Amino acid sequence: MITTNWSKWNSKSDNFQKYSHIQSPLIYGKLSKDMGEVSIMILTYKRSHGLKEALDSALAQDYTQPYTIAVLDDSEFDQETDKLMKKYCEKNDNVLYYRHAKNLGQYANWNRACELAPTDWYCLLHDDDILKKNYLTKTMQYATKDSNLGLLGVYIDVNDTREGASQKKVPFSRIIFNKTIEIFVRLKRDACIPLTLKDNIKHIYVMNSTFINKTKALEIGGLDDTYFPSSDFAFAAKMSYYHTTGFLPAKLTNKGVGESESLKQSVCDDSIRCAFLQTVEMCKSYNYSEAKQLRKASIAAVISEIGVKGYNNVDYGPVKESLGMKKIYSNSLVILAINIYSKLNWGILIFRKSIK
């Protein structure tokens, strides 16, 4: 069970120093003076097949300017990955392969990607995800439009590769959600929408195949891995607290969902706890009353519950009870109402003035 104190979620403490003793030597590829203006940083761990697909999608970008692709291997040594990267680096001048001397772990690897990115803008990509060919072209349109922009997220397509997933009937709510996204994309015409900390309190975050400004990520101290499994959400909220966070309503990535650490029951439980605890602390930034803090946090916890039920559909009543949430938040009709409320919060973003 998570016991982390969330009161320092917006601290700029240096989260890079903790792992500075672990080296990440460049194994294959060569650094050059002209690495372009943007990088695609791919994180991998003993998944060479997925890595190949991620690499191919990175190399297939229709972006017309030079860019760099760097793979960060957290497996210490994996023969198949090493073989694959040697081949790709010999064939492509813009591909680099780093291998950590020791396993860093998920969020420390995110921070190392920030440190090693040779450009001020970079995309963070996992080895089970792929980029649509126009990802860089679309995101780079906004890299210089707001000097305070630190983080940019996009819509994703989900590819669930777990056993039996293809035989499961798609829920009606998911069909409606996907149709709503399609309408949103057409109406907003890829215009970048600014997000605020109040959006984060409503559990609106952007952290999939995220486009990140290196300077600003370094300035706010990177990700704090003590907030696992929600360190990425804490980072997104911290960026919203200090800088501009943008959401680009365009489907530019395909996210893979396979068996992983993040789908364990204990991790799903902690995701709900983190949503509650972090929201309480974020609400304090606006001097909300204690009653309002608990109400906002309870709603955030239910929204998180709805999300994790897509992976582990069990009774999360005991988890909510341990947080001191009222029993009404376990009522099926209330959960349905909060689900609708969440979708409406995303929907009304269409009326927000875009970043020009």
# chains A, B, ... in the order shown; residues from 1 in each chain; ligands from 1

$ residues_around --residues "region 320-329 of chain A" --least-positions-apart "4" --cutoff "10 Å" --atoms "only C-alpha atoms" --output "ChimeraX atom specification"
/A:269,272-273,276-277,294-295,297-299,301-302,305,315-316,333-335,338

$ select_by_dssp --residues "region 136-351 of chain A" --states "strand (DSSP E or B)" --output "ChimeraX atom specification"
/A:149-160,192-195,211-213,244-257

$ write_last_selection --atoms "C-alpha atoms" --output "CSV table (one decimal), in the first residue's frame"
chain,number,residue,atom,x,y,z
A,149,LEU,CA,5.0,25.4,-23.2
A,150,GLY,CA,6.7,22.6,-21.3
A,151,LEU,CA,4.5,19.5,-22.1
A,152,LEU,CA,2.2,18.5,-25.0
A,153,GLY,CA,0.0,15.5,-25.1
A,154,VAL,CA,-2.0,13.9,-27.9
A,155,TYR,CA,-4.9,11.4,-28.4
A,156,ILE,CA,-3.9,7.7,-28.7
A,157,ASP,CA,-5.3,4.5,-30.2
A,158,VAL,CA,-5.1,1.6,-27.9
A,159,ASN,CA,-3.9,-1.9,-29.0
A,160,ASP,CA,-4.6,-4.4,-26.2
A,192,CYS,CA,-3.6,23.0,-29.3
A,193,ILE,CA,-5.6,23.4,-26.1
A,194,PRO,CA,-3.8,24.8,-23.0
A,195,LEU,CA,-4.5,22.9,-19.8
A,211,PHE,CA,6.2,15.8,-26.2
A,212,ILE,CA,8.5,17.4,-23.6
A,213,ASN,CA,10.6,20.5,-23.4
A,244,THR,CA,2.0,25.7,-19.9
A,245,THR,CA,0.7,22.2,-20.6
A,246,GLY,CA,-0.9,21.6,-24.0
A,247,PHE,CA,-3.3,19.0,-25.4
A,248,LEU,CA,-3.4,18.4,-29.2
A,249,PRO,CA,-6.6,16.7,-30.2
A,250,ALA,CA,-5.2,14.5,-32.9
A,251,LYS,CA,-4.6,10.7,-32.9
A,252,LEU,CA,-0.9,10.6,-33.3
A,253,THR,CA,0.2,7.4,-31.4
A,254,ASN,CA,-0.8,3.8,-30.9
A,255,LYS,CA,-0.4,2.6,-27.4
A,256,GLY,CA,0.2,-1.1,-26.7
A,257,VAL,CA,-1.3,-2.8,-23.7

$ closest_residue --among "A:Pro318, A:Gly310, A:Gly50, A:Pro229" --to "Gly105 (chain A)" --atoms "only C-alpha atoms"
A:Pro229

$ residues_around --residues "Lys284 (chain A)" --least-positions-apart "4" --cutoff "12 Å" --atoms "only C-alpha atoms" --output "list in words"
Trp6, Ser7, Lys8, Trp9, Asn10, Leu197, Lys198, Ile201, Leu277, Gln278, Thr279, Val280, Tyr288, Ser289, Glu290, Ala291, Lys292, Gln293, Leu294, Lys296 and Ala297 of chain A

$ select_by_dssp --residues "region 32-63 of chain A" --states "alpha helix (DSSP H)" --output "PDB file with C-alpha atoms, in the first residue's frame"
ATOM      1  CA  SER A  48      13.054  -6.411 -29.026  1.00  0.00           C
ATOM      2  CA  HIS A  49       9.967  -7.140 -31.154  1.00  0.00           C
ATOM      3  CA  GLY A  50       8.065  -4.173 -29.802  1.00  0.00           C
ATOM      4  CA  LEU A  51      11.204  -2.053 -29.985  1.00  0.00           C
ATOM      5  CA  LYS A  52      11.564  -2.805 -33.694  1.00  0.00           C
ATOM      6  CA  GLU A  53       8.024  -1.572 -34.358  1.00  0.00           C
ATOM      7  CA  ALA A  54       8.628   1.568 -32.285  1.00  0.00           C
ATOM      8  CA  LEU A  55      11.881   2.217 -34.154  1.00  0.00           C
ATOM      9  CA  ASP A  56      10.272   1.710 -37.544  1.00  0.00           C
ATOM     10  CA  SER A  57       7.517   4.184 -36.660  1.00  0.00           C
ATOM     11  CA  ALA A  58      10.127   6.700 -35.502  1.00  0.00           C
ATOM     12  CA  LEU A  59      12.106   6.334 -38.731  1.00  0.00           C
TER      13      LEU A  59
END

$ closest_residue --among "A:Thr210, A:Asn92, A:Asn148, A:Ser230" --to "Cys268 (chain A)" --atoms "only C-alpha atoms"
A:Ser230

$ residues_around --residues "Tyr19 (chain A)" --least-positions-apart "3" --cutoff "8 Å" --atoms "only C-alpha atoms" --output "mmCIF file with C-alpha atoms, in the first residue's frame"
data_model
loop_
_atom_site.group_PDB
_atom_site.id
_atom_site.type_symbol
_atom_site.label_atom_id
_atom_site.label_comp_id
_atom_site.auth_asym_id
_atom_site.auth_seq_id
_atom_site.Cartn_x
_atom_site.Cartn_y
_atom_site.Cartn_z
ATOM 1 C CA PHE A 16 18.210 13.271 -11.500
ATOM 2 C CA ILE A 22 24.728 4.786 -12.810
ATOM 3 C CA LEU A 104 17.185 2.210 -13.411
ATOM 4 C CA ALA A 108 14.333 6.987 -13.499
#

$ residues_around --residues "Met140 (chain A)" --least-positions-apart "5" --cutoff "10 Å" --atoms "only C-alpha atoms" --output "number ranges by chain"
A: 37-38, 63, 121-122, 135, 145, 211

$ write_last_selection --atoms "C-alpha atoms" --output "JSON list (two decimals), in the first residue's frame"
[["chain", "number", "residue", "atom", "x", "y", "z"],
["A", 37, "GLU", "CA", 15.70, 20.32, -33.22],
["A", 38, "VAL", "CA", 13.78, 17.34, -31.90],
["A", 63, "TYR", "CA", 8.93, 15.37, -40.77],
["A", 121, "TRP", "CA", 12.30, 19.07, -27.53],
["A", 122, "TYR", "CA", 11.84, 15.33, -27.37],
["A", 135, "TYR", "CA", 3.59, 12.88, -35.10],
["A", 145, "LYS", "CA", 4.31, 29.10, -30.44],
["A", 211, "PHE", "CA", 6.20, 15.80, -26.23]]

$ closest_residue --among "A:Ser330, A:Lys188, A:Asp225, A:Ser285" --to "Arg352 (chain A)" --atoms "only C-alpha atoms"
A:Lys188

$ residues_around --residues "region 68-80 of chain A" --least-positions-apart "4" --cutoff "6 Å" --atoms "only C-alpha atoms" --output "PDB file with C-alpha atoms, in the first residue's frame"
ATOM      1  CA  MET A  35      21.203  16.431 -34.176  1.00  0.00           C
ATOM      2  CA  SER A  39      14.463  13.812 -30.655  1.00  0.00           C
ATOM      3  CA  ILE A  40      12.457  10.627 -30.198  1.00  0.00           C
ATOM      4  CA  MET A  41      13.636   8.930 -26.997  1.00  0.00           C
ATOM      5  CA  ILE A  42      12.580   5.252 -26.925  1.00  0.00           C
ATOM      6  CA  LEU A  43      12.595   3.387 -23.599  1.00  0.00           C
ATOM      7  CA  THR A  44      13.058  -0.383 -23.803  1.00  0.00           C
ATOM      8  CA  TYR A  45      13.397  -3.399 -21.534  1.00  0.00           C
ATOM      9  CA  ASN A  94      20.389   9.462 -36.755  1.00  0.00           C
ATOM     10  CA  VAL A  95      19.896   6.449 -34.432  1.00  0.00           C
ATOM     11  CA  LEU A  96      21.723   6.142 -31.089  1.00  0.00           C
ATOM     12  CA  TYR A  97      21.737   3.254 -28.619  1.00  0.00           C
ATOM     13  CA  TYR A  98      22.431   3.764 -24.907  1.00  0.00           C
ATOM     14  CA  ARG A  99      22.524   0.950 -22.367  1.00  0.00           C
ATOM     15  CA  HIS A 100      22.395   1.613 -18.628  1.00  0.00           C
ATOM     16  CA  ALA A 101      25.092  -0.084 -16.565  1.00  0.00           C
ATOM     17  CA  LYS A 102      22.411  -1.063 -14.048  1.00  0.00           C
ATOM     18  CA  ASN A 103      18.633  -1.232 -14.158  1.00  0.00           C
TER      19      ASN A 103
END

$ closest_residue --among "A:Leu84, A:Met239, A:Leu116, A:Ala217" --to "Leu26 (chain A)" --atoms "only C-alpha atoms"
A:Leu116

$ closest_residue --among "A:Asp129, A:Tyr28, A:Glu281, A:Pro66" --to "Glu90 (chain A)" --atoms "only C-alpha atoms"
A:Tyr28
